[in-house]
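Source file: target.txt; contents: compact mmCIF, C-alpha atoms.
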```
# COMPACT_ATOMS: atom_id res chain seq x y z
CA MET G 218 -11.75 4.20 22.06
CA THR G 219 -13.77 5.15 19.01
CA ARG G 220 -17.47 4.35 19.15
CA SER G 221 -20.19 4.17 16.54
CA GLN G 222 -23.93 4.15 17.00
CA THR G 223 -23.77 0.37 17.16
CA GLY G 224 -20.95 0.09 19.70
CA PRO G 225 -17.17 0.35 20.01
CA VAL G 226 -14.98 0.29 16.92
CA LEU G 227 -12.56 -2.55 17.62
CA THR G 228 -11.39 -3.92 14.27
CA ALA G 229 -10.56 -2.92 10.73
CA SER G 230 -13.86 -4.44 9.60
CA ASP G 231 -15.67 -2.04 11.95
CA TYR G 232 -14.00 0.88 10.17
CA GLN G 233 -14.90 -0.70 6.84
CA ARG G 234 -18.56 -0.91 7.83
CA LEU G 235 -18.63 2.73 8.96
CA ALA G 236 -16.87 3.89 5.81
CA ARG G 237 -19.31 2.14 3.51
CA GLU G 238 -22.17 4.04 5.14
CA VAL G 239 -20.72 7.44 4.12
CA VAL G 240 -18.78 6.86 0.87
CA ASP G 241 -20.52 7.28 -2.49
CA PRO G 242 -21.17 3.91 -4.17
CA ASP G 243 -19.01 4.57 -7.25
CA VAL G 244 -16.13 5.77 -5.05
CA TRP G 245 -16.60 2.69 -2.85
CA ASP G 246 -16.26 0.48 -5.93
CA PHE G 247 -13.12 2.40 -6.93
CA ILE G 248 -11.59 1.77 -3.50
CA GLU G 249 -12.74 -1.80 -2.95
CA GLY G 250 -12.65 -3.19 -6.46
CA GLY G 251 -10.03 -5.33 -8.14
CA ALA G 252 -9.24 -6.35 -11.68
CA GLU G 253 -11.75 -8.35 -13.71
CA SER G 254 -13.34 -11.14 -11.64
CA GLU G 255 -11.23 -10.14 -8.59
CA ARG G 256 -9.62 -13.55 -8.10
CA THR G 257 -6.32 -12.04 -6.96
CA LEU G 258 -8.08 -9.64 -4.61
CA ARG G 259 -9.73 -12.61 -2.90
CA ALA G 260 -6.50 -14.63 -3.02
CA ASN G 261 -4.67 -11.93 -1.05
CA LEU G 262 -7.15 -12.33 1.79
CA ALA G 263 -7.34 -16.11 1.62
CA ALA G 264 -3.56 -16.58 1.65
CA PHE G 265 -3.33 -15.79 5.36
CA ASP G 266 -5.74 -18.61 6.17
CA ARG G 267 -3.21 -21.10 4.81
CA PHE G 268 -0.80 -20.37 7.66
CA ARG G 269 -0.95 -21.21 11.33
CA LEU G 270 1.12 -19.60 14.11
CA ARG G 271 3.51 -21.62 16.28
CA PRO G 272 3.57 -19.91 19.70
CA ARG G 273 6.49 -20.32 22.08
CA VAL G 274 5.90 -20.22 25.84
CA LEU G 275 7.67 -19.25 29.07
CA THR G 276 9.25 -16.24 27.40
CA ASP G 277 9.38 -12.81 29.03
CA VAL G 278 6.78 -10.82 27.11
CA SER G 279 6.16 -8.18 29.76
CA THR G 280 7.36 -5.63 27.20
CA VAL G 281 6.62 -5.92 23.48
CA ASP G 282 8.51 -3.66 21.09
CA THR G 283 7.03 -3.02 17.65
CA ALA G 284 9.53 -0.33 16.62
CA VAL G 285 11.37 -0.72 13.31
CA SER G 286 13.95 1.32 11.38
CA VAL G 287 14.06 1.64 7.60
CA PHE G 288 16.55 3.85 5.75
CA GLY G 289 17.65 5.42 9.02
CA THR G 290 14.18 6.47 10.21
CA ARG G 291 12.64 4.80 13.23
CA TYR G 292 8.91 4.10 13.31
CA ARG G 293 6.89 3.03 16.33
CA THR G 294 5.11 0.43 14.25
CA PRO G 295 5.89 -1.75 11.23
CA VAL G 296 2.31 -1.14 10.04
CA GLY G 297 2.28 1.70 7.51
CA VAL G 298 0.08 3.31 4.87
CA ALA G 299 0.43 2.11 1.28
CA PRO G 300 0.04 4.59 -1.60
CA THR G 301 -3.59 5.13 -2.62
CA ALA G 302 -4.88 7.97 -4.75
CA TYR G 303 -7.29 10.84 -4.17
CA HIS G 304 -7.94 10.76 -0.43
CA ARG G 305 -10.23 13.77 -0.79
CA LEU G 306 -12.75 11.42 -2.37
CA VAL G 307 -13.56 10.28 1.18
CA ASP G 308 -12.52 13.24 3.38
CA ASP G 309 -12.28 16.97 2.68
CA GLU G 310 -8.79 17.22 4.19
CA GLY G 311 -7.58 14.23 2.20
CA GLU G 312 -3.93 13.28 2.55
CA VAL G 313 -3.28 16.03 5.10
CA ALA G 314 -5.59 14.19 7.51
CA THR G 315 -3.99 10.87 6.61
CA ALA G 316 -0.55 12.32 7.35
CA ARG G 317 -1.70 13.57 10.74
CA GLY G 318 -3.23 10.21 11.60
CA ALA G 319 -0.19 8.23 10.47
CA GLY G 320 2.09 10.59 12.36
CA ALA G 321 0.10 10.22 15.56
CA ALA G 322 0.44 6.44 15.22
CA GLY G 323 4.18 6.68 14.48
CA ALA G 324 3.68 5.04 11.09
CA LEU G 325 5.15 5.42 7.62
CA PHE G 326 2.90 7.07 5.02
CA VAL G 327 3.68 6.42 1.35
CA VAL G 328 2.03 9.31 -0.48
CA SER G 329 0.56 8.59 -3.91
CA VAL G 330 1.69 10.59 -6.90
CA PHE G 331 -2.05 11.11 -7.40
CA ALA G 332 -2.52 12.70 -3.99
CA SER G 333 -5.30 15.27 -3.83
CA ARG G 334 -3.30 17.61 -1.54
CA THR G 335 0.07 19.15 -2.32
CA LEU G 336 3.25 17.42 -1.26
CA GLU G 337 4.18 20.48 0.74
CA ASP G 338 0.89 20.57 2.66
CA ILE G 339 1.15 16.84 3.40
CA ALA G 340 4.72 17.24 4.63
CA GLY G 341 3.67 20.15 6.84
CA ALA G 342 1.09 17.94 8.55
CA ALA G 343 3.24 14.85 8.92
CA GLY G 344 4.48 13.68 12.28
CA SER G 345 6.40 10.67 10.98
CA GLY G 346 8.17 9.57 7.82
CA LEU G 347 6.84 10.14 4.32
CA TRP G 348 7.84 8.44 1.07
CA LEU G 349 6.67 9.54 -2.37
CA HIS G 350 5.12 7.03 -4.75
CA LEU G 351 5.60 7.44 -8.52
CA TYR G 352 4.43 5.96 -11.79
CA TRP G 353 6.71 6.18 -14.80
CA PHE G 354 5.24 8.92 -16.99
CA ARG G 355 6.03 9.34 -20.66
CA ARG G 356 6.74 12.98 -19.85
CA ARG G 357 9.85 12.52 -17.77
CA GLU G 358 9.89 16.16 -16.77
CA VAL G 359 6.79 15.39 -14.70
CA MET G 360 8.72 12.77 -12.77
CA ALA G 361 11.80 14.95 -12.43
CA GLY G 362 9.78 17.81 -10.97
CA LEU G 363 8.07 15.55 -8.46
CA VAL G 364 11.40 14.05 -7.37
CA GLU G 365 12.84 17.51 -6.75
CA ARG G 366 9.79 18.63 -4.77
CA ALA G 367 9.80 15.45 -2.68
CA ALA G 368 13.43 15.95 -1.68
CA ALA G 369 12.85 19.61 -0.86
CA ALA G 370 9.79 18.73 1.29
CA GLY G 371 11.70 16.14 3.32
CA PHE G 372 10.33 12.91 1.89
CA GLY G 373 12.57 10.00 2.83
CA ALA G 374 12.38 7.71 -0.22
CA LEU G 375 10.85 7.23 -3.66
CA VAL G 376 8.54 4.28 -4.38
CA LEU G 377 8.25 3.43 -8.06
CA THR G 378 5.31 1.23 -9.07
CA VAL G 379 6.56 -1.23 -11.69
CA ASP G 380 3.55 -3.51 -12.22
CA ALA G 381 1.37 -1.08 -14.16
CA PRO G 382 2.51 -0.60 -17.77
CA ARG G 383 -1.25 -0.71 -18.29
CA ILE G 384 -3.96 -0.30 -15.67
CA GLY G 385 -5.86 -3.50 -14.93
CA ARG G 386 -9.33 -3.97 -16.35
CA ARG G 387 -11.36 -3.00 -13.30
CA TRP G 388 -14.86 -3.98 -14.24
CA ARG G 389 -16.51 -2.11 -11.39
CA ASP G 390 -15.01 1.19 -12.57
CA MET G 391 -15.82 0.42 -16.20
CA ARG G 392 -19.45 -0.34 -15.42
CA ASN G 393 -19.70 2.86 -13.38
CA GLY G 394 -17.96 4.96 -16.02
CA PHE G 395 -15.83 6.09 -13.10
CA ALA G 396 -14.09 9.46 -13.27
CA ILE G 397 -12.64 11.84 -10.69
CA GLY G 398 -15.32 14.45 -10.08
CA GLY G 399 -16.04 17.62 -8.18
CA ASP G 400 -13.07 19.63 -6.98
CA VAL G 401 -10.91 16.55 -6.35
CA ALA G 402 -7.77 16.37 -8.49
CA ALA G 403 -4.19 15.12 -8.53
CA VAL G 404 -2.94 18.56 -7.56
CA ASN G 405 0.79 17.80 -7.75
CA ILE G 406 0.69 17.21 -11.50
CA ASP G 407 -0.14 19.70 -14.23
CA ALA G 408 -3.88 19.70 -14.89
CA ALA G 409 -3.34 19.12 -18.61
CA VAL G 410 -1.56 15.83 -17.85
CA MET G 411 -4.47 14.68 -15.70
CA ALA G 412 -7.35 15.88 -17.88
CA LEU G 413 -8.59 12.44 -18.91
CA THR G 414 -9.15 11.37 -15.29
CA HIS G 415 -12.11 13.77 -15.14
CA HIS G 416 -13.85 12.56 -18.31
CA SER G 417 -16.72 10.15 -17.66
CA ASP G 418 -17.68 7.74 -20.43
CA GLU G 419 -20.10 4.82 -20.11
CA GLY G 420 -18.34 1.48 -20.09
CA ARG G 421 -14.90 3.01 -19.58
CA SER G 422 -12.71 3.91 -16.64
CA ALA G 423 -11.24 7.40 -16.77
CA ILE G 424 -8.36 6.14 -14.63
CA ALA G 425 -7.47 3.53 -17.24
CA GLU G 426 -7.88 5.98 -20.12
CA HIS G 427 -5.51 8.42 -18.44
CA ALA G 428 -2.95 5.70 -17.75
CA ALA G 429 -2.99 4.53 -21.37
CA GLU G 430 -2.17 8.05 -22.48
CA SER G 431 0.32 9.00 -19.75
CA PHE G 432 2.22 5.92 -18.53
CA ASP G 433 5.34 4.76 -20.37
CA ALA G 434 4.81 1.09 -21.25
CA ALA G 435 8.29 0.87 -22.84
CA VAL G 436 10.24 1.43 -19.61
CA THR G 437 12.81 -1.26 -18.74
CA TRP G 438 15.36 -2.01 -16.03
CA ALA G 439 17.87 0.14 -17.88
CA ASP G 440 15.71 3.23 -17.33
CA LEU G 441 16.24 3.07 -13.57
CA ALA G 442 19.63 4.70 -14.15
CA TRP G 443 17.82 7.87 -15.28
CA LEU G 444 15.96 8.08 -11.99
CA ARG G 445 19.06 7.30 -9.94
CA GLN G 446 20.94 10.14 -11.61
CA ARG G 447 18.29 12.60 -10.41
CA THR G 448 18.07 11.75 -6.75
CA SER G 449 20.05 10.69 -3.73
CA LEU G 450 16.88 9.36 -2.06
CA PRO G 451 16.47 5.60 -1.65
CA ILE G 452 14.57 4.02 -4.54
CA VAL G 453 12.04 1.30 -3.72
CA LEU G 454 10.32 -0.80 -6.38
CA LYS G 455 6.68 -1.69 -5.70
CA GLY G 456 5.06 -4.58 -7.51
CA ILE G 457 7.71 -7.31 -7.34
CA LEU G 458 6.26 -10.85 -7.12
CA THR G 459 9.08 -13.16 -8.26
CA ALA G 460 12.59 -14.10 -7.23
CA GLU G 461 13.77 -13.34 -10.76
CA ASP G 462 12.65 -9.71 -10.60
CA ALA G 463 13.91 -9.34 -7.04
CA ALA G 464 17.37 -10.43 -8.16
CA LEU G 465 17.25 -7.98 -11.07
CA ALA G 466 16.20 -5.19 -8.71
CA VAL G 467 19.20 -5.85 -6.49
CA ALA G 468 21.51 -6.05 -9.51
CA HIS G 469 20.29 -2.62 -10.65
CA GLY G 470 21.03 -1.03 -7.29
CA VAL G 471 17.52 -0.69 -5.92
CA ASP G 472 17.42 0.19 -2.22
CA GLY G 473 14.18 -1.59 -1.30
CA ILE G 474 11.36 -3.76 -2.63
CA ILE G 475 7.64 -3.89 -1.92
CA VAL G 476 6.05 -7.26 -2.59
CA SER G 477 2.67 -6.28 -4.00
CA ASN G 478 0.13 -7.23 -6.65
CA HIS G 479 -1.48 -3.79 -6.47
CA GLY G 480 -4.19 -5.00 -4.14
CA GLY G 481 -5.47 -7.37 -6.81
CA ARG G 482 -6.10 -4.43 -9.15
CA GLN G 483 -3.71 -5.33 -11.99
CA LEU G 484 -3.25 -8.87 -13.35
CA ASP G 485 -6.23 -10.93 -12.23
CA GLY G 486 -5.06 -14.42 -11.39
CA ALA G 487 -1.62 -13.23 -10.28
CA VAL G 488 -0.05 -14.91 -7.28
CA ALA G 489 -1.16 -13.67 -3.86
CA SER G 490 1.35 -11.27 -2.34
CA LEU G 491 1.87 -13.48 0.72
CA ASP G 492 2.66 -16.51 -1.44
CA ALA G 493 5.30 -14.47 -3.31
CA LEU G 494 6.91 -12.99 -0.20
CA PRO G 495 9.34 -15.77 0.83
CA GLU G 496 10.97 -16.17 -2.58
CA VAL G 497 11.38 -12.40 -2.97
CA VAL G 498 12.94 -12.10 0.50
CA ASP G 499 15.37 -14.92 -0.28
CA ALA G 500 16.38 -13.41 -3.61
CA ALA G 501 16.75 -9.88 -2.26
CA GLY G 502 19.14 -10.85 0.52
CA ALA G 503 19.67 -9.23 3.89
CA ALA G 504 20.95 -5.90 2.58
CA VAL G 505 17.76 -4.88 0.74
CA PRO G 506 14.66 -4.39 2.93
CA VAL G 507 11.51 -6.05 1.62
CA LEU G 508 8.16 -4.51 2.50
CA PHE G 509 4.79 -6.08 1.90
CA ASP G 510 1.22 -5.20 1.01
CA GLY G 511 -1.82 -7.22 0.06
CA GLY G 512 -4.69 -8.37 2.23
CA VAL G 513 -3.50 -7.41 5.72
CA ARG G 514 -6.62 -6.85 7.81
CA ARG G 515 -5.56 -7.76 11.37
CA GLY G 516 -2.54 -8.00 13.60
CA THR G 517 -2.07 -11.73 13.05
CA ASP G 518 -1.90 -11.07 9.29
CA ALA G 519 0.88 -8.56 9.93
CA LEU G 520 2.65 -11.06 12.19
CA THR G 521 2.52 -13.71 9.48
CA ALA G 522 4.00 -11.41 6.83
CA LEU G 523 6.71 -10.16 9.19
CA ALA G 524 7.60 -13.75 10.11
CA LEU G 525 7.96 -14.59 6.42
CA GLY G 526 10.53 -11.84 6.04
CA ALA G 527 8.79 -8.50 5.50
CA ARG G 528 10.44 -5.52 7.21
CA MET G 529 7.17 -3.59 7.24
CA VAL G 530 3.58 -4.21 6.15
CA LEU G 531 1.60 -1.54 4.34
CA LEU G 532 -2.19 -1.17 4.36
CA GLY G 533 -3.99 0.21 1.32
CA ARG G 534 -7.76 0.11 1.69
CA PRO G 535 -8.01 0.06 5.53
CA PRO G 536 -6.54 3.58 6.10
CA LEU G 537 -9.11 4.90 3.63
CA TRP G 538 -11.81 3.23 5.73
CA GLY G 539 -10.42 4.98 8.79
CA LEU G 540 -10.20 8.30 6.94
CA ALA G 541 -13.79 8.06 5.71
CA ALA G 542 -15.08 7.01 9.12
CA GLY G 543 -13.24 9.56 11.23
CA GLY G 544 -10.71 11.70 9.40
CA ALA G 545 -7.25 11.87 10.95
CA ASP G 546 -8.51 10.26 14.14
CA GLY G 547 -9.91 7.37 12.13
CA VAL G 548 -6.58 6.80 10.38
CA GLU G 549 -4.75 6.89 13.70
CA GLY G 550 -7.31 4.56 15.26
CA LEU G 551 -7.08 2.05 12.44
CA LEU G 552 -3.27 1.97 12.55
CA ARG G 553 -3.17 1.80 16.36
CA THR G 554 -5.73 -0.99 16.39
CA THR G 555 -3.71 -3.07 13.94
CA THR G 556 -0.47 -2.37 15.82
CA GLU G 557 -2.07 -3.30 19.15
CA GLU G 558 -3.34 -6.53 17.60
CA LEU G 559 0.17 -7.22 16.32
CA ALA G 560 1.74 -6.57 19.74
CA HIS G 561 -0.84 -8.83 21.39
CA ALA G 562 -0.13 -11.60 18.89
CA MET G 563 3.64 -11.20 19.34
CA ALA G 564 3.23 -11.61 23.10
CA LEU G 565 1.07 -14.71 22.77
CA ALA G 566 3.51 -16.12 20.21
CA GLY G 567 6.37 -15.61 22.65
CA ARG G 568 8.18 -13.20 20.30
CA PRO G 569 8.38 -9.80 22.05
CA ARG G 570 10.59 -8.06 19.47
CA LEU G 571 10.38 -7.85 15.71
CA ALA G 572 13.91 -9.26 15.58
CA ASP G 573 12.52 -12.43 17.17
CA LEU G 574 10.28 -13.11 14.19
CA ASP G 575 11.38 -15.64 11.61
CA ARG G 576 9.80 -18.42 9.59
CA SER G 577 9.68 -20.72 12.59
CA VAL G 578 6.74 -18.61 13.80
CA VAL G 579 4.46 -19.92 11.04
CA ARG G 580 3.56 -23.23 9.50
CA ALA G 581 1.51 -23.87 6.40
CA ARG G 582 -1.61 -25.91 7.02
CA PRO G 583 -1.24 -29.56 6.02
CA GLY G 584 -1.83 -29.78 2.30
CA ASP G 585 -0.96 -26.09 1.76
CA GLU G 586 2.85 -26.39 1.79
CA ARG G 587 4.39 -24.46 -1.06
```

Can I see the file as structure tokens?
Amino acid sequence: MTRSQTGPVLTASDYQRLAREVVDPDVWDFIEGGAESERTLRANLAAFDRFRLRPRVLTDVSTVDTAVSVFGTRYRTPVGVAPTAYHRLVDDEGEVATARGAGAAGALFVVSVFASRTLEDIAGAAGSGLWLHLYWFRRREVMAGLVERAAAAGFGALVLTVDAPRIGRRWRDMRNGFAIGGDVAAVNIDAAVMALTHHSDEGRSAIAEHAAESFDAAVTWADLAWLRQRTSLPIVLKGILTAEDAALAVAHGVDGIIVSNHGGRQLDGAVASLDALPEVVDAAGAAVPVLFDGGVRRGTDALTALALGARMVLLGRPPLWGLAAGGADGVEGLLRTTTEELAHAMALAGRPRLADLDRSVVRARPGDER
């Protein structure tokens, strides 16, 4: 068990507290912040409080199995790592340490296109499955090169973020004039493409300035055919929040969906991810796995999302807390803690296998039915 100077580290919030003590304030704002007044960020957390669990009793829960398979790869836990950029901002080893920690926990790691270690180094350190996350760049040769490298390095799927034709107005970053400094960089992309991310300007976010220059805001559903022609890897769309878009994703041959509002970092006031999950699951159908991110901080949160139809739940900020607090061991500890909480909750709910989870496990609080 990990310990700090103030006692054992037992929860994600313990890792958060330790991380805040060692992460630079402007980097902390970059990690923790959301768009504008951060209503959606708060809504992601609050959404779980609207549900209550309905435990069943006198069920054999002597063994609880949290294993799950997605696209033919089996993971020991349905709790994985969502794509977040620039892990070297909080740990010198960056994504290599995250990959080791996720592998030790038997968890999926979705590697950001803005990783601060090479895809090949991350793959060499991984002990479990990796997927590569992408944005749609105006320079399609950038995307094509990344897709080829991901396949060659053994990545198992591509995750395309579709909710960011523009980067959200993140007031914390704008007030800080946030830019990527020191020797940290998105090393898998040509430095000329990423130059604006390193330019600090008062009242502006370098991340947003780079996105405005580099991301293709004209991309449509029809463009997915271009990506499909260049890879045999499964394609997963991240950022779906409505049944309408879920149905379009299925119609265009997408292999998976991640229900996500970008951690509250894009459209402020957007629906909480958990509130969107049921309608997306229903529209996607049984053949297309639906994953989830947004506000999961404990095992009972994961249980709620899984009961509402998610195949896996992905954590964004919490693995960075673990990484900052303890490197690879901190990532492993954070993921194991959340998985152990999930297994404990499954046992107490009388649902010892993930296949036992369905919507009968949860009930909206009176007055919160949707």

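For the set G:Val548, G:Ala439, G:Val507, G:Ala409, the residue with the smallest atom-to-atom gap to G:Ala322 is G:Val548, counting only C-alpha atoms.
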
- Note on the structure: Of G:Ala501, G:Ala545, G:Ala299, G:Met391, the one nearest to G:Asp418 when counting all atoms listed in the file is G:Met391

- Within 12 Å of G:Gly502 using all atoms listed in the file, minus same-chain residues under 3 positions, as a PyMOL selection string: chain G and resi 460+463-464+466-468+472-474+495-499+505-507+526-527

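Taking atom CA of G:Thr378 and atom CA of G:Val476 as endpoints, the distance between them is 10.7 Å.
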
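Among the candidates G:Ser477, G:Thr283, G:Asn405, G:Thr276, the residue lying nearest to G:Glu337 is G:Asn405 (atoms considered: all atoms listed in the file).
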
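Counting all atoms listed in the file and comparing G:Val530, G:Leu484, G:Arg305, G:Val244, the residue that lies closest to G:Val327 is G:Val530.
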